$ cat model38.txt   # compact mmCIF, C-alpha atoms
# COMPACT_ATOMS: atom_id res chain seq x y z
CA MET A 1 -28.75 8.24 42.18
CA ASP A 2 -31.20 9.96 44.53
CA GLY A 3 -34.83 9.94 43.46
CA TYR A 4 -34.60 7.04 41.01
CA ASP A 5 -35.68 3.44 41.53
CA ALA A 6 -33.06 2.50 38.90
CA TYR A 7 -31.07 4.50 36.38
CA TRP A 8 -28.99 4.08 33.25
CA ILE A 9 -26.35 6.38 31.77
CA GLY A 10 -26.05 6.90 28.03
CA PHE A 11 -23.49 8.70 25.91
CA GLY A 12 -21.70 8.58 22.58
CA ASP A 13 -19.39 10.51 20.29
CA ILE A 14 -16.41 9.71 22.50
CA HIS A 15 -14.02 10.04 19.55
CA GLY A 16 -11.14 8.37 21.32
CA SER A 17 -11.14 10.61 24.39
CA VAL A 18 -11.96 8.59 27.51
CA ASP A 19 -11.10 11.12 30.21
CA ASN A 20 -14.71 12.28 30.53
CA VAL A 21 -15.93 8.71 31.05
CA ARG A 22 -14.20 8.74 34.43
CA ARG A 23 -15.84 12.04 35.37
CA ILE A 24 -19.49 10.95 35.04
CA PRO A 25 -21.13 10.97 38.49
CA GLY A 26 -22.70 7.68 39.52
CA LEU A 27 -21.46 5.76 36.50
CA ASP A 28 -20.33 2.84 38.66
CA LYS A 29 -23.78 2.48 40.23
CA ALA A 30 -25.79 2.67 36.97
CA ALA A 31 -27.84 -0.42 36.13
CA ALA A 32 -26.16 -0.30 32.70
CA VAL A 33 -24.14 2.03 30.48
CA LEU A 34 -25.41 2.63 26.94
CA VAL A 35 -22.83 3.71 24.34
CA THR A 36 -24.53 5.00 21.20
CA GLY A 37 -21.60 5.11 18.78
CA ASP A 38 -18.55 6.98 17.49
CA LEU A 39 -16.18 5.48 20.00
CA THR A 40 -13.33 6.51 17.71
CA THR A 41 -12.57 8.90 14.86
CA ARG A 42 -11.77 6.49 12.03
CA GLY A 43 -9.86 4.57 14.68
CA SER A 44 -8.62 1.01 14.82
CA LEU A 45 -10.28 -2.01 16.34
CA GLU A 46 -7.76 -1.90 19.18
CA GLN A 47 -8.65 1.71 19.96
CA GLY A 48 -12.34 0.85 20.09
CA LYS A 49 -11.65 -2.11 22.37
CA ARG A 50 -9.63 0.09 24.75
CA ILE A 51 -12.52 2.52 25.07
CA ILE A 52 -15.00 -0.24 25.93
CA GLU A 53 -12.54 -1.73 28.41
CA THR A 54 -12.15 1.68 30.07
CA VAL A 55 -15.91 1.89 30.54
CA ARG A 56 -15.99 -1.68 31.83
CA GLU A 57 -13.39 -0.86 34.49
CA LEU A 58 -15.91 1.61 35.95
CA ASN A 59 -19.07 -0.38 35.24
CA PRO A 60 -19.04 -3.88 33.72
CA ARG A 61 -22.66 -3.61 32.57
CA VAL A 62 -22.01 -2.06 29.15
CA LEU A 63 -24.00 -2.18 25.90
CA ALA A 64 -22.54 -0.47 22.85
CA GLN A 65 -22.71 0.00 19.09
CA ILE A 66 -20.59 1.67 16.45
CA GLY A 67 -21.28 5.04 14.88
CA ASN A 68 -20.42 6.23 11.39
CA MET A 69 -16.85 7.09 12.47
CA ASP A 70 -16.09 3.54 13.62
CA ILE A 71 -15.01 0.56 11.55
CA TRP A 72 -17.23 -2.48 11.07
CA ASP A 73 -14.65 -4.78 12.72
CA LEU A 74 -15.54 -3.08 16.00
CA ALA A 75 -19.22 -3.95 15.50
CA VAL A 76 -18.22 -7.58 14.95
CA TRP A 77 -16.17 -7.58 18.17
CA LEU A 78 -19.04 -6.06 20.17
CA GLU A 79 -21.30 -8.81 18.84
CA GLU A 80 -18.77 -11.48 19.81
CA GLU A 81 -18.58 -9.97 23.29
CA GLY A 82 -22.36 -10.19 23.63
CA VAL A 83 -22.71 -6.44 24.29
CA SER A 84 -23.81 -5.16 20.89
CA LEU A 85 -26.78 -2.79 20.73
CA HIS A 86 -26.86 -2.78 16.94
CA ALA A 87 -30.09 -4.33 15.61
CA ARG A 88 -30.59 -5.92 19.03
CA THR A 89 -32.92 -5.58 21.99
CA HIS A 90 -31.65 -6.07 25.54
CA ASP A 91 -33.57 -6.48 28.77
CA LEU A 92 -32.36 -3.83 31.25
CA GLY A 93 -34.52 -5.14 34.07
CA HIS A 94 -37.27 -3.25 35.88
CA GLY A 95 -39.54 -3.73 32.83
CA VAL A 96 -37.23 -1.65 30.64
CA GLY A 97 -35.87 -2.71 27.25
CA VAL A 98 -33.37 -1.00 24.97
CA LEU A 99 -32.81 -1.46 21.25
CA GLY A 100 -30.23 0.14 19.02
CA ALA A 101 -29.06 0.79 15.47
CA GLY A 102 -25.53 1.92 14.74
CA CYS A 103 -23.82 3.61 11.79
CA SER A 104 -25.48 6.62 10.14
CA THR A 105 -27.10 7.67 6.92
CA PRO A 106 -24.71 9.10 4.27
CA THR A 107 -22.67 12.17 5.20
CA PRO A 108 -20.62 14.56 3.03
CA PHE A 109 -17.45 13.18 4.63
CA GLY A 110 -17.35 9.56 3.47
CA THR A 111 -17.04 8.12 6.96
CA PRO A 112 -16.38 4.39 7.57
CA CYS A 113 -19.88 3.16 8.44
CA GLU A 114 -22.61 4.84 6.40
CA ILE A 115 -25.77 3.05 5.31
CA SER A 116 -28.96 3.99 3.52
CA ASP A 117 -31.94 5.27 5.47
CA GLU A 118 -33.83 2.19 4.34
CA GLU A 119 -31.15 -0.08 5.84
CA LEU A 120 -31.21 1.89 9.09
CA GLY A 121 -34.96 1.45 9.32
CA GLY A 122 -34.53 -2.27 8.67
CA PHE A 123 -32.09 -2.60 11.55
CA LEU A 124 -34.54 -0.87 13.88
CA ASP A 125 -37.36 -3.14 12.74
CA ALA A 126 -35.18 -6.23 13.26
CA ALA A 127 -34.42 -5.12 16.80
CA TYR A 128 -38.06 -4.33 17.52
CA GLU A 129 -39.07 -7.90 16.69
CA GLN A 130 -37.26 -8.85 19.92
CA ALA A 131 -38.80 -6.04 21.97
CA GLN A 132 -42.16 -7.36 23.05
CA GLY A 133 -43.40 -7.34 26.63
CA PHE A 134 -41.53 -4.35 28.06
CA ARG A 135 -43.40 -1.71 30.04
CA HIS A 136 -40.86 0.91 28.97
CA LEU A 137 -38.70 1.04 25.85
CA ILE A 138 -35.55 3.02 25.08
CA VAL A 139 -34.63 3.37 21.40
CA ALA A 140 -30.95 4.22 20.90
CA PRO A 141 -30.03 4.93 17.27
CA HIS A 142 -26.74 6.68 16.59
CA ASP A 143 -28.53 8.82 13.98
CA PRO A 144 -31.21 11.15 15.44
CA PRO A 145 -34.76 11.49 14.12
CA HIS A 146 -35.20 13.96 11.30
CA GLY A 147 -36.93 17.30 11.82
CA THR A 148 -36.30 17.64 15.55
CA ALA A 149 -34.01 19.57 17.84
CA ALA A 150 -31.83 16.44 18.00
CA ASP A 151 -30.74 16.71 14.34
CA ARG A 152 -30.67 20.48 13.75
CA LEU A 153 -27.46 22.15 12.59
CA PRO A 154 -26.65 25.74 13.63
CA ASN A 155 -27.85 26.96 10.21
CA GLY A 156 -31.27 25.43 10.90
CA MET A 157 -30.89 22.50 8.50
CA HIS A 158 -32.17 19.11 9.69
CA VAL A 159 -29.87 16.24 8.76
CA GLY A 160 -31.14 13.27 10.77
CA SER A 161 -32.81 10.06 9.69
CA ARG A 162 -36.34 9.99 8.34
CA ALA A 163 -36.46 6.24 9.05
CA VAL A 164 -35.65 6.87 12.72
CA ARG A 165 -38.36 9.50 12.90
CA SER A 166 -40.91 7.17 11.30
CA PHE A 167 -39.94 4.35 13.66
CA VAL A 168 -40.24 6.53 16.76
CA GLN A 169 -43.64 7.83 15.66
CA ARG A 170 -44.88 4.29 15.00
CA VAL A 171 -43.48 2.58 18.10
CA ALA A 172 -43.74 5.51 20.56
CA PRO A 173 -40.92 4.47 22.93
CA ALA A 174 -40.56 6.30 26.22
CA VAL A 175 -37.11 7.63 25.26
CA CYS A 176 -35.11 8.02 22.05
CA LEU A 177 -31.40 8.46 22.87
CA SER A 178 -29.27 9.48 19.90
CA GLY A 179 -26.06 11.34 19.05
CA HIS A 180 -24.12 11.92 15.82
CA ILE A 181 -24.99 15.61 15.36
CA HIS A 182 -22.61 17.26 17.80
CA GLU A 183 -24.16 20.70 17.52
CA ALA A 184 -27.65 19.43 18.35
CA ARG A 185 -27.31 18.83 22.09
CA SER A 186 -30.94 19.01 23.17
CA THR A 187 -34.08 17.48 24.54
CA ASP A 188 -37.29 17.49 22.53
CA ARG A 189 -40.56 15.60 22.16
CA LEU A 190 -41.99 13.56 19.31
CA GLY A 191 -45.47 12.56 20.36
CA PRO A 192 -45.16 10.82 23.74
CA THR A 193 -41.44 10.16 23.25
CA THR A 194 -38.70 12.14 24.95
CA LEU A 195 -35.88 12.77 22.48
CA ILE A 196 -32.44 13.35 23.90
CA ASN A 197 -29.18 14.05 22.08
CA PRO A 198 -26.56 14.79 24.74
CA GLY A 199 -23.99 15.90 22.19
CA PRO A 200 -20.48 14.44 22.31
CA LEU A 201 -19.12 13.03 25.54
CA ALA A 202 -15.88 14.59 24.33
CA ALA A 203 -17.58 17.93 25.15
CA GLY A 204 -19.08 16.67 28.41
CA GLY A 205 -22.57 15.64 27.33
CA TYR A 206 -24.35 12.54 28.59
CA ALA A 207 -27.88 11.36 29.42
CA LEU A 208 -29.33 10.12 32.69
CA ILE A 209 -32.34 7.86 32.12
CA GLY A 210 -34.19 6.63 35.16
CA LEU A 211 -37.34 5.15 36.63
CA LYS A 212 -39.12 7.57 38.89
CA GLN A 213 -42.54 6.77 40.36
CA GLY A 214 -43.19 4.24 37.61
CA LYS A 215 -42.25 6.58 34.74
CA LEU A 216 -39.14 6.42 32.58
CA VAL A 217 -37.61 9.89 32.35
CA ALA A 218 -34.48 11.26 30.66
CA GLU A 219 -32.29 14.18 31.66
CA LEU A 220 -29.58 15.86 29.63
CA LYS A 221 -26.41 16.32 31.67
CA VAL A 222 -23.19 18.22 30.98
CA LEU A 223 -20.01 17.66 32.97
CA GLY A 224 -19.06 20.74 34.93
CA ALA A 225 -22.37 22.51 34.29

$ encode --input "model38.txt" --output "structure tokens"
Amino acid sequence: MDGYDAYWIGFGDIHGSVDNVRRIPGLDKAAAVLVTGDLTTRGSLEQGKRIIETVRELNPRVLAQIGNMDIWDLAVWLEEEGVSLHARTHDLGHGVGVLGAGCSTPTPFGTPCEISDEELGGFLDAAYEQAQGFRHLIVAPHDPPHGTAADRLPNGMHVGSRAVRSFVQRVAPAVCLSGHIHEARSTDRLGPTTLINPGPLAAGGYALIGLKQGKLVAELKVLGA
């Protein structure tokens, strides 16, 4: 991708629809692909596997985690494959690390993978224990930080995670890439951190995160825009 020393592409909220994966420009050349959750909509393990395999056909360098709409068996499979982002830190090269936390805090809909905010914060802390020594850090929780553009519903209510917000404020990563709240496609700032919720890939949203002149920057992209 022109202008970047290296770049990564992130997206989530695929919800079983993989057509837009194939439409992302430069996906095959990305240093890695980061999948932030909700591969399916209460789908099976086999459906989740097929989605990851579709991404791998285009770019084998994939890291992924489940969202609240995915079953835990998929998280186990991602761990067995060595590509799980959940409660893990991975070295992306170029001095960049990424850590994740899947699932979400409780919703009104009783979705398959909901956890308490305290548990979510614990997963982030567990990942961060592995995250020392990076010049740049990407935090990739499925659930966005509370009280930001990334978690705001159309009625103005904020429904994201307070634990994620506290973690981002404490750790001050370069980028926080989230999803979950479809209506909250946005970029925002929380201290020095760029917040980006690209909205669902099913609606064309994805993030381009890249190194440019020594800085890690994030852009919100929409297919066809």

$ residues_around --input "model38.txt" --residues "Thr41 in chain A" --least-positions-apart "2" --cutoff "7 Å" --atoms "only C-alpha atoms" --output "JSON, numbers by chain"
{"A": [15, 16, 38, 43, 69, 70]}

$ axis_aligned_box --input "model38.txt" --around "range 39-52 of chain A" --padding-each-side "5 Å" --output "JSON"
{"center_x": -12.0, "center_y": 3.4, "center_z": 19.0, "size_x": 18.4, "size_y": 21.0, "size_z": 23.9}

$ atom_distance --input "model38.txt" --atom1 "CA of Glu114 in chain A" --atom2 "CA of Trp8 in chain A"
27.6 Å

$ residues_near_point --input "model38.txt" --point "(-26.8, 8.1, 19.5)" --cutoff "9 Å" --atoms "only C-alpha atoms" --output "list in words"
Gly10, Phe11, Gly12, Asp13, Val35, Thr36, Gly37, Asp38, Gly67, Gly100, Ala101, Gly102, Ala140, Pro141, His142, Asp143, Pro144, Cys176, Leu177, Ser178, Gly179, His180, Ile181, Ile196, Asn197, Pro198 and Gly199 of chain A

$ closest_residue --input "model38.txt" --among "A:Leu63, A:Ala203, A:Ala31, A:Leu195" --to "Ala150 in chain A" --atoms "all atoms listed in the file"
A:Leu195

$ closest_atom_pairs --input "model38.txt" --of "range 72-93 of chain A" --to "range 45-56 of chain A" --cutoff "9 Å" --atoms "all atoms listed in the file" --output "tab-separated table"
residue	atom	partner	partner_atom	distance
A:Trp72	CA	A:Leu45	CA	8.7
A:Asp73	CA	A:Leu45	CA	6.3
A:Leu74	CA	A:Leu45	CA	5.4
A:Trp77	CA	A:Lys49	CA	8.2
A:Leu78	CA	A:Lys49	CA	8.7

$ residues_around --input "model38.txt" --residues "Val98 in chain A" --least-positions-apart "3" --cutoff "6 Å" --atoms "all atoms listed in the file" --output "ChimeraX atom specification"
/A:89-90,137-139

$ write_last_selection --input "model38.txt" --atoms "C-alpha atoms" --output "JSON list (two decimals), in the coordinates of the input"
[["chain", "number", "residue", "atom", "x", "y", "z"],
["A", 89, "THR", "CA", -32.92, -5.58, 21.99],
["A", 90, "HIS", "CA", -31.65, -6.07, 25.54],
["A", 137, "LEU", "CA", -38.70, 1.04, 25.85],
["A", 138, "ILE", "CA", -35.55, 3.02, 25.08],
["A", 139, "VAL", "CA", -34.63, 3.37, 21.40]]

$ residues_around --input "model38.txt" --residues "Gly147 in chain A" --least-positions-apart "3" --cutoff "12 Å" --atoms "all atoms listed in the file" --output "JSON list (two decimals) with C-alpha atoms, keeping the file's coordinate frame"
[["chain", "number", "residue", "atom", "x", "y", "z"],
["A", 144, "PRO", "CA", -31.21, 11.15, 15.44],
["A", 150, "ALA", "CA", -31.83, 16.44, 18.00],
["A", 151, "ASP", "CA", -30.74, 16.71, 14.34],
["A", 152, "ARG", "CA", -30.67, 20.48, 13.75],
["A", 153, "LEU", "CA", -27.46, 22.15, 12.59],
["A", 156, "GLY", "CA", -31.27, 25.43, 10.90],
["A", 157, "MET", "CA", -30.89, 22.50, 8.50],
["A", 158, "HIS", "CA", -32.17, 19.11, 9.69],
["A", 159, "VAL", "CA", -29.87, 16.24, 8.76],
["A", 160, "GLY", "CA", -31.14, 13.27, 10.77],
["A", 161, "SER", "CA", -32.81, 10.06, 9.69],
["A", 162, "ARG", "CA", -36.34, 9.99, 8.34],
["A", 163, "ALA", "CA", -36.46, 6.24, 9.05],
["A", 164, "VAL", "CA", -35.65, 6.87, 12.72],
["A", 165, "ARG", "CA", -38.36, 9.50, 12.90],
["A", 166, "SER", "CA", -40.91, 7.17, 11.30],
["A", 184, "ALA", "CA", -27.65, 19.43, 18.35],
["A", 188, "ASP", "CA", -37.29, 17.49, 22.53],
["A", 189, "ARG", "CA", -40.56, 15.60, 22.16],
["A", 190, "LEU", "CA", -41.99, 13.56, 19.31],
["A", 195, "LEU", "CA", -35.88, 12.77, 22.48]]

$ residues_around --input "model38.txt" --residues "Ala218 in chain A" --least-positions-apart "4" --cutoff "8 Å" --atoms "all atoms listed in the file" --output "ChimeraX atom specification"
/A:175,194,196,207-210

$ closest_residue --input "model38.txt" --among "A:Val96, A:Ile115, A:Cys103, A:Leu201" --to "Ile66 in chain A" --atoms "only C-alpha atoms"
A:Cys103

$ atom_distance --input "model38.txt" --atom1 "CA of Ile14 in chain A" --atom2 "CA of Ala131 in chain A"
27.4 Å

$ decode --input "model38.txt" --residues "range 52-73 of chain A" --atoms "C-alpha atoms" --output "PDB file, in the first residue's frame"
ATOM      1  CA  ILE A  52     -11.137 -18.131   8.495  1.00  0.00           C
ATOM      2  CA  GLU A  53     -10.147 -20.417   5.630  1.00  0.00           C
ATOM      3  CA  THR A  54     -11.589 -17.917   3.135  1.00  0.00           C
ATOM      4  CA  VAL A  55      -9.415 -15.179   4.629  1.00  0.00           C
ATOM      5  CA  ARG A  56      -6.410 -17.494   4.603  1.00  0.00           C
ATOM      6  CA  GLU A  57      -6.856 -18.161   0.887  1.00  0.00           C
ATOM      7  CA  LEU A  58      -6.238 -14.450   0.311  1.00  0.00           C
ATOM      8  CA  ASN A  59      -3.664 -13.910   3.056  1.00  0.00           C
ATOM      9  CA  PRO A  60      -2.315 -16.733   5.239  1.00  0.00           C
ATOM     10  CA  ARG A  61      -1.169 -14.323   7.958  1.00  0.00           C
ATOM     11  CA  VAL A  62      -4.401 -14.224   9.978  1.00  0.00           C
ATOM     12  CA  LEU A  63      -5.055 -13.557  13.672  1.00  0.00           C
ATOM     13  CA  ALA A  64      -8.622 -13.815  14.932  1.00  0.00           C
ATOM     14  CA  GLN A  65     -10.913 -14.015  17.945  1.00  0.00           C
ATOM     15  CA  ILE A  66     -14.582 -14.667  18.544  1.00  0.00           C
ATOM     16  CA  GLY A  67     -17.207 -12.043  19.241  1.00  0.00           C
ATOM     17  CA  ASN A  68     -20.366 -12.356  21.308  1.00  0.00           C
ATOM     18  CA  MET A  69     -22.240 -13.920  18.358  1.00  0.00           C
ATOM     19  CA  ASP A  70     -19.770 -16.806  18.014  1.00  0.00           C
ATOM     20  CA  ILE A  71     -19.630 -20.044  19.974  1.00  0.00           C
ATOM     21  CA  TRP A  72     -16.773 -20.858  22.335  1.00  0.00           C
ATOM     22  CA  ASP A  73     -15.809 -23.950  20.310  1.00  0.00           C
TER      23      ASP A  73
END
